[in-house]
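Here's entry06.pdb, which has PDB, C-alpha atoms and all ligand atoms:
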```
ATOM      1  CA  MET A   1      24.008   2.819 -21.288
ATOM      2  CA  PRO A   2      24.080  -0.844 -20.226
ATOM      3  CA  ASP A   3      21.684  -3.260 -21.844
ATOM      4  CA  PRO A   4      18.692  -4.139 -19.660
ATOM      5  CA  ASP A   5      18.628  -7.590 -21.278
ATOM      6  CA  THR A   6      21.773  -8.590 -19.475
ATOM      7  CA  ASN A   7      20.732  -7.312 -16.111
ATOM      8  CA  LEU A   8      17.547  -9.046 -15.053
ATOM      9  CA  PRO A   9      16.912 -11.513 -12.236
ATOM     10  CA  SER A  10      16.384 -15.068 -13.455
ATOM     11  CA  ASP A  11      12.816 -16.232 -13.165
ATOM     12  CA  SER A  12      13.857 -19.575 -11.731
ATOM     13  CA  SER A  13      12.296 -18.695  -8.399
ATOM     14  CA  ARG A  14       8.742 -19.349  -9.570
ATOM     15  CA  ASP A  15       7.444 -20.983  -6.464
ATOM     16  CA  ILE A  16       4.026 -19.362  -6.646
ATOM     17  CA  PRO A  17       1.565 -20.317  -9.368
ATOM     18  CA  ALA A  18       0.600 -17.560 -11.748
ATOM     19  CA  GLY A  19      -3.110 -17.732 -10.928
ATOM     20  CA  PRO A  20      -5.759 -15.805 -12.884
ATOM     21  CA  GLU A  21      -4.871 -13.267 -15.539
ATOM     22  CA  THR A  22      -3.308 -10.000 -14.628
ATOM     23  CA  GLN A  23      -5.651  -7.019 -14.634
ATOM     24  CA  THR A  24      -5.456  -4.667 -17.540
ATOM     25  CA  PRO A  25      -4.643  -1.096 -16.544
ATOM     26  CA  LYS A  26      -7.500   1.170 -17.476
ATOM     27  CA  SER A  27      -8.439   4.764 -17.332
ATOM     28  CA  HIS A  28     -10.412   5.264 -14.190
ATOM     29  CA  THR A  29     -12.372   7.905 -12.413
ATOM     30  CA  PRO A  30     -12.664   7.247  -8.676
ATOM     31  CA  PRO A  31     -16.265   6.971  -7.497
ATOM     32  CA  GLN A  32     -17.753  10.160  -6.138
ATOM     33  CA  ALA A  33     -17.563   9.938  -2.386
ATOM     34  CA  ASN A  34     -21.316  10.350  -2.008
ATOM     35  CA  ASP A  35     -22.501   8.245  -4.918
ATOM     36  CA  ALA A  36     -23.397   4.981  -3.198
ATOM     37  CA  SER A  37     -24.682   3.388  -6.433
ATOM     38  CA  GLN A  38     -21.175   3.334  -7.938
ATOM     39  CA  ARG A  39     -19.438   1.879  -4.940
ATOM     40  CA  ALA A  40     -17.919  -1.593  -5.014
ATOM     41  CA  VAL A  41     -16.419  -2.731  -1.747
ATOM     42  CA  ILE A  42     -12.837  -3.934  -2.102
ATOM     43  CA  ILE A  43     -11.841  -4.202   1.580
ATOM     44  CA  ARG A  44     -14.255  -5.086   4.338
ATOM     45  CA  THR A  45     -13.378  -5.819   7.952
ATOM     46  CA  ARG A  46     -15.698  -7.152  10.626
ATOM     47  CA  GLY A  47     -14.884  -7.046  14.337
ATOM     48  CA  LEU A  48     -11.186  -6.942  13.554
ATOM     49  CA  LYS A  49      -9.038  -7.311  16.662
ATOM     50  CA  LYS A  50      -5.356  -7.924  17.148
ATOM     51  CA  SER A  51      -3.562  -8.389  20.439
ATOM     52  CA  TYR A  52       0.122  -8.979  20.963
ATOM     53  CA  ARG A  53       1.369 -10.827  24.010
ATOM     54  CA  MET A  54       4.906 -10.218  25.226
ATOM     55  CA  GLY A  55       5.406 -12.199  28.415
ATOM     56  CA  GLU A  56       2.790 -10.990  30.868
ATOM     57  CA  VAL A  57       1.981  -7.887  28.850
ATOM     58  CA  VAL A  58      -0.839  -7.925  26.294
ATOM     59  CA  THR A  59      -1.208  -5.014  23.878
ATOM     60  CA  HIS A  60      -4.614  -4.603  22.259
ATOM     61  CA  ALA A  61      -3.399  -3.045  19.032
ATOM     62  CA  LEU A  62      -6.761  -3.307  17.215
ATOM     63  CA  GLN A  63      -9.912  -3.351  19.268
ATOM     64  CA  GLY A  64     -12.721  -3.996  16.794
ATOM     65  CA  ILE A  65     -12.487  -2.393  13.367
ATOM     66  CA  ASP A  66     -15.563  -2.494  11.140
ATOM     67  CA  VAL A  67     -14.985  -0.744   7.876
ATOM     68  CA  GLU A  68     -15.807  -0.861   4.183
ATOM     69  CA  LEU A  69     -13.398   0.666   1.705
ATOM     70  CA  TYR A  70     -14.354   1.095  -1.923
ATOM     71  CA  ARG A  71     -12.579   0.227  -5.136
ATOM     72  CA  GLY A  72     -10.762   3.211  -6.559
ATOM     73  CA  GLU A  73     -10.691   5.242  -3.360
ATOM     74  CA  PHE A  74      -7.689   7.183  -2.093
ATOM     75  CA  ILE A  75      -7.812   6.949   1.690
ATOM     76  CA  ILE A  76      -5.540   8.818   4.048
ATOM     77  CA  ILE A  77      -5.065   7.233   7.457
ATOM     78  CA  LEU A  78      -4.090   9.470  10.336
ATOM     79  CA  GLY A  79      -3.496   8.606  13.967
ATOM     80  CA  PRO A  80      -0.987   8.918  16.784
ATOM     81  CA  SER A  81       2.042   6.665  17.035
ATOM     82  CA  GLY A  82       1.053   3.260  18.429
ATOM     83  CA  SER A  83      -2.620   3.665  17.511
ATOM     84  CA  GLY A  84      -2.645   0.536  15.321
ATOM     85  CA  LYS A  85      -2.191   1.862  11.771
ATOM     86  CA  SER A  86       0.569  -0.554  10.729
ATOM     87  CA  THR A  87      -1.188  -3.413  12.504
ATOM     88  CA  PHE A  88      -4.310  -2.653  10.472
ATOM     89  CA  PHE A  89      -2.222  -2.781   7.278
ATOM     90  CA  ASN A  90      -0.661  -6.096   8.315
ATOM     91  CA  MET A  91      -4.127  -7.590   8.715
ATOM     92  CA  VAL A  92      -5.503  -6.148   5.466
ATOM     93  CA  GLY A  93      -2.402  -7.179   3.528
ATOM     94  CA  GLY A  94      -2.476 -10.749   4.824
ATOM     95  CA  LEU A  95       0.948 -10.327   6.439
ATOM     96  CA  ASP A  96      -0.363 -11.383   9.858
ATOM     97  CA  SER A  97      -3.604 -12.880  11.129
ATOM     98  CA  PRO A  98      -6.164 -11.251  13.398
ATOM     99  CA  THR A  99      -6.796 -12.414  16.943
ATOM    100  CA  GLU A 100     -10.520 -12.063  16.225
ATOM    101  CA  GLY A 101     -12.672 -10.887  13.358
ATOM    102  CA  ARG A 102     -12.495 -11.064   9.615
ATOM    103  CA  VAL A 103     -10.875  -9.331   6.655
ATOM    104  CA  PHE A 104     -12.497  -9.667   3.235
ATOM    105  CA  ILE A 105     -10.665  -8.617   0.081
ATOM    106  CA  ASP A 106     -12.999  -8.535  -2.908
ATOM    107  CA  GLU A 107     -15.457 -10.370  -0.633
ATOM    108  CA  VAL A 108     -13.003 -13.237  -0.108
ATOM    109  CA  ASP A 109     -12.390 -14.075   3.553
ATOM    110  CA  VAL A 110      -8.607 -13.891   3.919
ATOM    111  CA  ALA A 111      -8.671 -16.320   6.858
ATOM    112  CA  GLN A 112     -10.093 -19.035   4.593
ATOM    113  CA  LEU A 113      -7.229 -18.859   2.111
ATOM    114  CA  ASN A 114      -4.680 -21.664   2.013
ATOM    115  CA  ALA A 115      -0.959 -20.905   1.897
ATOM    116  CA  ILE A 116      -0.831 -20.733  -1.897
ATOM    117  CA  GLU A 117      -3.895 -18.509  -2.167
ATOM    118  CA  LEU A 118      -2.502 -16.241   0.531
ATOM    119  CA  ALA A 119       0.791 -15.994  -1.337
ATOM    120  CA  PHE A 120      -1.195 -15.105  -4.453
ATOM    121  CA  LEU A 121      -3.010 -12.350  -2.559
ATOM    122  CA  ARG A 122       0.239 -10.886  -1.237
ATOM    123  CA  CYS A 123       2.011 -11.182  -4.556
ATOM    124  CA  ARG A 124      -0.704 -10.121  -6.998
ATOM    125  CA  LYS A 125      -3.526  -8.250  -5.319
ATOM    126  CA  ILE A 126      -1.729  -6.046  -2.821
ATOM    127  CA  GLY A 127       1.240  -3.759  -3.268
ATOM    128  CA  TYR A 128       3.198  -2.549  -0.248
ATOM    129  CA  ILE A 129       5.185   0.640   0.196
ATOM    130  CA  PHE A 130       6.998   1.263   3.457
ATOM    131  CA  GLN A 131       8.775   4.197   5.045
ATOM    132  CA  THR A 132      12.072   2.404   4.546
ATOM    133  CA  TYR A 133      12.234   1.496   0.899
ATOM    134  CA  ASN A 134      13.338  -2.113   1.487
ATOM    135  CA  LEU A 135      15.153  -2.408  -1.821
ATOM    136  CA  VAL A 136      17.650  -5.181  -2.423
ATOM    137  CA  GLN A 137      20.964  -3.345  -2.308
ATOM    138  CA  TYR A 138      22.926  -5.501  -4.734
ATOM    139  CA  MET A 139      20.233  -5.366  -7.426
ATOM    140  CA  THR A 140      19.665  -2.645  -9.991
ATOM    141  CA  CYS A 141      16.622  -0.450  -9.955
ATOM    142  CA  LEU A 142      15.042  -2.544 -12.727
ATOM    143  CA  GLU A 143      15.847  -5.842 -11.009
ATOM    144  CA  ASN A 144      14.221  -4.611  -7.820
ATOM    145  CA  VAL A 145      11.078  -3.769  -9.792
ATOM    146  CA  THR A 146      10.941  -7.090 -11.615
ATOM    147  CA  VAL A 147      11.558  -9.410  -8.646
ATOM    148  CA  PRO A 148       7.834  -9.680  -7.759
ATOM    149  CA  MET A 149       7.065 -10.422 -11.414
ATOM    150  CA  ALA A 150       9.420 -13.412 -11.308
ATOM    151  CA  PHE A 151       7.521 -14.661  -8.255
ATOM    152  CA  ALA A 152       4.284 -14.285 -10.183
ATOM    153  CA  GLY A 153       5.635 -16.321 -13.100
ATOM    154  CA  VAL A 154       5.968 -13.463 -15.609
ATOM    155  CA  ASP A 155       8.553 -14.328 -18.249
ATOM    156  CA  ALA A 156      11.785 -12.355 -18.344
ATOM    157  CA  ASP A 157      11.070 -10.409 -21.554
ATOM    158  CA  GLU A 158       7.685  -9.255 -20.402
ATOM    159  CA  ALA A 159       9.101  -8.469 -16.949
ATOM    160  CA  ARG A 160      11.776  -6.238 -18.473
ATOM    161  CA  GLU A 161       9.247  -4.447 -20.648
ATOM    162  CA  ARG A 162       6.767  -3.960 -17.822
ATOM    163  CA  GLY A 163       9.554  -2.968 -15.418
ATOM    164  CA  LEU A 164      10.820  -0.257 -17.747
ATOM    165  CA  GLU A 165       7.277   0.984 -18.308
ATOM    166  CA  LEU A 166       6.760   1.252 -14.539
ATOM    167  CA  LEU A 167      10.087   3.008 -14.108
ATOM    168  CA  ASP A 168       8.996   5.414 -16.836
ATOM    169  CA  LEU A 169       5.805   6.054 -14.893
ATOM    170  CA  VAL A 170       7.786   7.100 -11.821
ATOM    171  CA  GLY A 171      10.339   9.055 -13.880
ATOM    172  CA  LEU A 172      13.263   6.661 -13.467
ATOM    173  CA  LYS A 173      13.493   4.852 -16.784
ATOM    174  CA  GLU A 174      16.885   6.357 -17.568
ATOM    175  CA  ARG A 175      18.243   5.151 -14.247
ATOM    176  CA  TRP A 176      17.166   1.513 -14.520
ATOM    177  CA  PHE A 177      20.738   0.267 -14.026
ATOM    178  CA  HIS A 178      21.444   2.225 -10.831
ATOM    179  CA  LYS A 179      21.772   0.403  -7.527
ATOM    180  CA  PRO A 180      19.934   1.786  -4.478
ATOM    181  CA  ILE A 181      23.129   3.252  -3.026
ATOM    182  CA  GLU A 182      23.468   5.394  -6.164
ATOM    183  CA  MET A 183      19.993   6.878  -5.772
ATOM    184  CA  SER A 184      18.469   9.556  -3.537
ATOM    185  CA  GLY A 185      15.804   8.685  -0.964
ATOM    186  CA  GLY A 186      13.068   9.963  -3.280
ATOM    187  CA  GLN A 187      14.404   7.935  -6.183
ATOM    188  CA  GLN A 188      14.577   4.834  -4.013
ATOM    189  CA  GLN A 189      10.995   5.345  -2.916
ATOM    190  CA  ARG A 190       9.927   5.838  -6.525
ATOM    191  CA  THR A 191      11.650   2.524  -7.308
ATOM    192  CA  ALA A 192       9.720   0.953  -4.425
ATOM    193  CA  ILE A 193       6.469   2.352  -5.849
ATOM    194  CA  ALA A 194       7.278   0.871  -9.262
ATOM    195  CA  ARG A 195       8.032  -2.451  -7.543
ATOM    196  CA  SER A 196       4.743  -2.321  -5.633
ATOM    197  CA  MET A 197       2.949  -2.023  -8.996
ATOM    198  CA  ALA A 198       4.877  -4.921 -10.538
ATOM    199  CA  ASN A 199       1.934  -7.288 -10.636
ATOM    200  CA  LEU A 200      -0.716  -4.603 -11.163
ATOM    201  CA  PRO A 201      -2.299  -4.910  -7.719
ATOM    202  CA  SER A 202      -5.817  -3.737  -6.898
ATOM    203  CA  VAL A 203      -4.720  -2.194  -3.607
ATOM    204  CA  LEU A 204      -1.634  -0.224  -2.566
ATOM    205  CA  LEU A 205      -0.877  -0.114   1.155
ATOM    206  CA  CYS A 206       1.478   2.789   1.799
ATOM    207  CA  ASP A 207       2.774   2.979   5.358
ATOM    208  CA  GLU A 208       4.260   6.459   5.848
ATOM    209  CA  PRO A 209       5.840   6.399   2.378
ATOM    210  CA  THR A 210       7.265   9.890   2.788
ATOM    211  CA  GLY A 211       8.328   9.599   6.426
ATOM    212  CA  ASN A 212      12.023   9.746   5.498
ATOM    213  CA  LEU A 213      11.739  12.392   2.788
ATOM    214  CA  ASP A 214      11.756  16.184   2.684
ATOM    215  CA  LEU A 215       8.468  17.969   1.944
ATOM    216  CA  LYS A 216       9.117  18.617  -1.743
ATOM    217  CA  THR A 217      10.198  15.051  -2.463
ATOM    218  CA  GLY A 218       7.286  13.818  -0.348
ATOM    219  CA  ASP A 219       4.898  15.849  -2.505
ATOM    220  CA  GLU A 220       6.289  14.214  -5.655
ATOM    221  CA  ILE A 221       5.741  10.771  -4.143
ATOM    222  CA  HIS A 222       2.169  11.608  -3.161
ATOM    223  CA  LYS A 223       1.442  12.919  -6.654
ATOM    224  CA  ILE A 224       2.682   9.649  -8.148
ATOM    225  CA  LEU A 225       0.446   7.693  -5.787
ATOM    226  CA  ARG A 226      -2.545   9.843  -6.693
ATOM    227  CA  ARG A 227      -1.796   9.389 -10.383
ATOM    228  CA  LEU A 228      -1.719   5.614 -10.000
ATOM    229  CA  ASN A 229      -5.038   5.908  -8.224
ATOM    230  CA  VAL A 230      -6.697   8.093 -10.855
ATOM    231  CA  GLU A 231      -5.152   6.683 -14.019
ATOM    232  CA  ARG A 232      -4.901   3.006 -13.090
ATOM    233  CA  GLY A 233      -7.786   2.707 -10.678
ATOM    234  CA  VAL A 234      -5.625   1.361  -7.859
ATOM    235  CA  THR A 235      -7.208   1.684  -4.427
ATOM    236  CA  VAL A 236      -4.671   3.523  -2.259
ATOM    237  CA  LEU A 237      -4.507   3.442   1.543
ATOM    238  CA  CYS A 238      -1.843   5.807   2.768
ATOM    239  CA  VAL A 239      -0.742   6.277   6.367
ATOM    240  CA  THR A 240       0.773   9.698   6.867
ATOM    241  CA  HIS A 241       1.378  12.375   9.429
ATOM    242  CA  ASP A 242       1.148  15.025   6.727
ATOM    243  CA  HIS A 243      -2.186  16.847   7.049
ATOM    244  CA  ARG A 244      -1.654  18.604   3.738
ATOM    245  CA  LEU A 245      -2.558  15.342   2.052
ATOM    246  CA  ILE A 246      -6.150  15.575   3.141
ATOM    247  CA  GLY A 247      -6.977  17.621   0.042
ATOM    248  CA  MET A 248      -5.765  14.742  -2.120
ATOM    249  CA  ALA A 249      -7.820  12.012  -0.468
ATOM    250  CA  ASP A 250     -11.355  10.804  -1.164
ATOM    251  CA  ARG A 251     -11.810   9.869   2.476
ATOM    252  CA  ILE A 252      -9.830  10.327   5.669
ATOM    253  CA  MET A 253      -9.746   7.730   8.421
ATOM    254  CA  TRP A 254      -8.572   8.519  11.936
ATOM    255  CA  ILE A 255      -7.389   5.593  14.042
ATOM    256  CA  ARG A 256      -6.941   5.960  17.770
ATOM    257  CA  ASP A 257      -6.378   3.277  20.415
ATOM    258  CA  GLY A 258      -6.970   0.510  17.880
ATOM    259  CA  MET A 259     -10.351   1.825  16.782
ATOM    260  CA  ILE A 260     -11.675   4.015  14.014
ATOM    261  CA  GLU A 261     -12.262   7.349  15.622
ATOM    262  CA  ARG A 262     -13.699   8.875  12.486
ATOM    263  CA  LEU A 263     -14.068   8.179   8.759
ATOM    264  CA  ALA A 264     -15.043  11.214   6.695
ATOM    265  CA  ASN A 265     -15.309  12.350   3.096
ATOM    266  CA  ARG A 266     -12.777  14.976   2.110
ATOM    267  CA  ASP A 267     -15.429  17.664   1.554
ATOM    268  CA  GLU A 268     -16.797  17.153   5.068
ATOM    269  CA  VAL A 269     -13.338  17.739   6.450
ATOM    270  CA  THR A 270     -12.101  20.606   4.332
ATOM    271  CA  VAL A 271     -15.176  22.747   4.939
ATOM    272  CA  GLU A 272     -14.667  22.566   8.658
ATOM    273  CA  ALA A 273     -12.933  25.642   9.937
ATOM    274  CA  GLY A 274      -9.984  25.603  12.271
ATOM    275  CA  SER A 275      -8.085  22.390  12.879
ATOM    276  CA  ILE A 276      -8.336  19.633  10.320
ATOM    277  CA  GLY A 277     -11.593  17.815  10.834
ATOM    278  CA  GLY A 278     -11.631  19.065  14.378
ATOM    279  CA  GLN A 279      -9.395  16.110  15.172
ATOM    280  CA  GLU A 280      -6.134  16.251  16.932
ATOM    281  CA  ASN A 281      -3.443  14.186  15.265
ATOM    282  CA  ALA A 282      -0.176  13.319  16.901
TER     283      ALA A 282
HETATM  284  N1  LIG B   1       4.911  -7.459  16.748
HETATM  285  C1  LIG B   1       4.478  -6.788  17.816
HETATM  286  N2  LIG B   1       4.622  -7.307  19.062
HETATM  287  C2  LIG B   1       4.187  -6.650  20.142
HETATM  288  N3  LIG B   1       3.541  -5.463  20.106
HETATM  289  C3  LIG B   1       3.349  -4.898  18.897
HETATM  290  C4  LIG B   1       3.826  -5.528  17.699
HETATM  291  N4  LIG B   1       3.501  -4.729  16.642
HETATM  292  C5  LIG B   1       2.871  -3.658  17.168
HETATM  293  N5  LIG B   1       2.775  -3.760  18.509
HETATM  294  C6  LIG B   1       2.136  -2.796  19.414
HETATM  295  O1  LIG B   1       0.813  -2.566  18.911
HETATM  296  C7  LIG B   1       0.473  -1.196  19.028
HETATM  297  C8  LIG B   1       0.127  -0.657  17.648
HETATM  298  O2  LIG B   1       1.322  -0.641  16.876
HETATM  299  P1  LIG B   1       1.365  -0.133  15.354
HETATM  300  O3  LIG B   1       2.719  -0.433  14.853
HETATM  301  O4  LIG B   1       0.221  -0.708  14.639
HETATM  302  O5  LIG B   1       1.153   1.440  15.561
HETATM  303  P2  LIG B   1       1.202   2.607  14.462
HETATM  304  O6  LIG B   1      -0.093   3.337  14.551
HETATM  305  O7  LIG B   1       1.595   2.056  13.149
HETATM  306  O8  LIG B   1       2.342   3.545  15.053
HETATM  307  P3  LIG B   1       3.453   4.444  14.283
HETATM  308  O9  LIG B   1       2.737   5.705  13.817
HETATM  309  O10 LIG B   1       4.463   4.748  15.342
HETATM  310  O11 LIG B   1       4.011   3.645  13.161
HETATM  311  C9  LIG B   1       1.656  -0.502  19.667
HETATM  312  O12 LIG B   1       1.420  -0.393  21.049
HETATM  313  C10 LIG B   1       2.813  -1.444  19.398
HETATM  314  O13 LIG B   1       3.790  -1.364  20.401
HETATM  315 MG    MG B   2       3.237   2.319  11.905
END
```
The structure given in the file should be rewritten as structure tokens.
Ligand SMILES: Nc1ncnc2c1ncn2[C@@H]1O[C@H](COP(=O)(O)OP(=O)(O)OP(=O)(O)O)[C@@H](O)[C@H]1O
Ligand SMILES: [Mg+2]
Amino acid sequence: MPDPDTNLPSDSSRDIPAGPETQTPKSHTPPQANDASQRAVIIRTRGLKKSYRMGEVVTHALQGIDVELYRGEFIIILGPSGSGKSTFFNMVGGLDSPTEGRVFIDEVDVAQLNAIELAFLRCRKIGYIFQTYNLVQYMTCLENVTVPMAFAGVDADEARERGLELLDLVGLKERWFHKPIEMSGGQQQRTAIARSMANLPSVLLCDEPTGNLDLKTGDEIHKILRRLNVERGVTVLCVTHDHRLIGMADRIMWIRDGMIERLANRDEVTVEAGSIGGQENA
């Protein structure tokens, strides 16, 4: 097997300061959905709106989202195509700015952050997982996982060690030297999950992470996400069209026409007979 020492990205691209210490992974039990005393808000939005203008046409993708999401929750987001789910993620993840309203992460107003602080948020606090795995094709599995660590100023030895540990967590340690083209879709997504955890983020935004995978492989991916949530205390927001995931979530959020149609605890939804939560989901 090739030596991982010889196959890491250089950390010369440290253009973002390291910032405060990395969080220490810890055993974690998510707060009980109904126990308000244990809840710490990690994401709060107020009057969040986003409109896109294309020539004469304006699309009101988000039309006023007010929500509080709690540290350690696993939230499933359902909603028809075009309802604003990815736009909501872009706002929460600091990838784009709202037309109106506010996003607070750990009670910090994202709009008030300067460019460096925003880069820190994107690099260290939030992990992203997309439907398309977005791996760098010419890099190995391990290099893909360690790239964000280089941006965060982690030295190469620690990056290799942490990268291999994360690959172990997603069951890919033995394949660290494979390039994306040599891996299945599920393996590529597992690599992307390991990469999203590179800087031990507080929040994972997963935008249809299993949209390109078969059901069985999708189940494996969801189990990994749930494990990260339970064992490492990462708050997970997961957009999906897979209703079977409702049993895995702490809360379920339905978005329709750029608004929250409903936000419910899992037990409220699963006890309802008939269709899931009585809501129609495209
Ligand atoms: N960059 C953009 N420019 C113009 N319109 C956009 C842009 N991004 C999204 N939209 C529009 O905003 C609305 C919400 O889009 P969004 O991608 O958030 O939906 P979604 O719920 O994620 O849908 P899907 O389930 O298909 O991924 C849609 O009408 C979409 O066409
Ligand atoms: Mg989307």
(message) Show me, as JSON, numbers by chain, the residues that have an atom within 7 Å of A:Ser83 when counting only C-alpha atoms, minus same-chain residues fewer than 3 positions from it.
(response) {"A": [61, 79, 80, 255, 256, 257, 258]}
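Each of A:Ile76, A:Val103, A:Ile246, A:Val110 was checked against A:Gly64 using only C-alpha atoms; the smallest atom-to-atom distance is that of A:Val103.
Restricting the calculation to all atoms listed in the file, the smallest distance between A:Cys238 and any of A:Phe177, A:Trp254, A:Phe104, A:Tyr133 is found for A:Trp254.
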Please identify every residue of chain A that has at least one atom no farther than 7 Å from an atom of ligand MG 2 (chain B), counting all atoms listed in the file, and for each give the shortest atom pair and the distance in Å to one decimal, arranged by chain then increasing number, as a Markdown table.
```
| residue | atom | partner | partner_atom | distance |
| --- | --- | --- | --- | --- |
| A:Ser81 | CA | B:MG2 | MG | 6.8 |
| A:Gly82 | CA | B:MG2 | MG | 6.9 |
| A:Lys85 | CA | B:MG2 | MG | 5.4 |
| A:Ser86 | CA | B:MG2 | MG | 4.1 |
| A:Asp207 | CA | B:MG2 | MG | 6.6 |
```
Exercise: residues within 10 Å of coordinate (-0.3, 11.1, 2.4), counting all atoms listed in the file, as a short mmCIF file (atom, residue, chain, number, x, y, z; two decimals) with C-alpha atoms, keeping the file's coordinate frame:
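File produced: point28.cif:
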```
data_model
loop_
_atom_site.label_atom_id
_atom_site.label_comp_id
_atom_site.auth_asym_id
_atom_site.auth_seq_id
_atom_site.Cartn_x
_atom_site.Cartn_y
_atom_site.Cartn_z
CA PHE A 74 -7.69 7.18 -2.09
CA ILE A 75 -7.81 6.95 1.69
CA ILE A 76 -5.54 8.82 4.05
CA ILE A 77 -5.07 7.23 7.46
CA LEU A 78 -4.09 9.47 10.34
CA CYS A 206 1.48 2.79 1.80
CA ASP A 207 2.77 2.98 5.36
CA GLU A 208 4.26 6.46 5.85
CA PRO A 209 5.84 6.40 2.38
CA THR A 210 7.26 9.89 2.79
CA GLY A 211 8.33 9.60 6.43
CA GLY A 218 7.29 13.82 -0.35
CA ASP A 219 4.90 15.85 -2.50
CA ILE A 221 5.74 10.77 -4.14
CA HIS A 222 2.17 11.61 -3.16
CA LYS A 223 1.44 12.92 -6.65
CA LEU A 225 0.45 7.69 -5.79
CA ARG A 226 -2.54 9.84 -6.69
CA VAL A 236 -4.67 3.52 -2.26
CA LEU A 237 -4.51 3.44 1.54
CA CYS A 238 -1.84 5.81 2.77
CA VAL A 239 -0.74 6.28 6.37
CA THR A 240 0.77 9.70 6.87
CA HIS A 241 1.38 12.38 9.43
CA ASP A 242 1.15 15.02 6.73
CA HIS A 243 -2.19 16.85 7.05
CA ARG A 244 -1.65 18.60 3.74
CA LEU A 245 -2.56 15.34 2.05
CA ILE A 246 -6.15 15.58 3.14
CA GLY A 247 -6.98 17.62 0.04
CA MET A 248 -5.76 14.74 -2.12
CA ALA A 249 -7.82 12.01 -0.47
#
```
Quiz item: Care to translate the PyMOL selection byres (((chain A and resi 143) around 12) and not hetatm) into actual residues of this file, as a count of residues only?
Solution: 42
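Proximity to ligand LIG 1 (chain B) was assessed for A:Ala152, A:Leu172, A:Ile116, A:Leu95 counting all atoms listed in the file; the smallest distance is recorded for A:Leu95.
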Review point. Can you find the residues with an atom no farther than 12 Å from (-11.0, -13.1, 5.8), counting all atoms listed in the file, and report them as number ranges by chain?
Key: A: 43-48, 91-94, 96-114, 117-118, 121
Among A:Thr87, A:Gln63, A:Ser196, A:Ser51, ligand LIG 1 (chain B) is approached most closely, using only C-alpha atoms and all ligand atoms, by A:Thr87
message = Applying 12 Å and only C-alpha atoms, which residues near A:Asp250 remain after dropping the ones on its own chain fewer than 6 positions away? List them as a ChimeraX atom specification.
response = /A:29-34,69-77,226,229-230,235-238,263-270
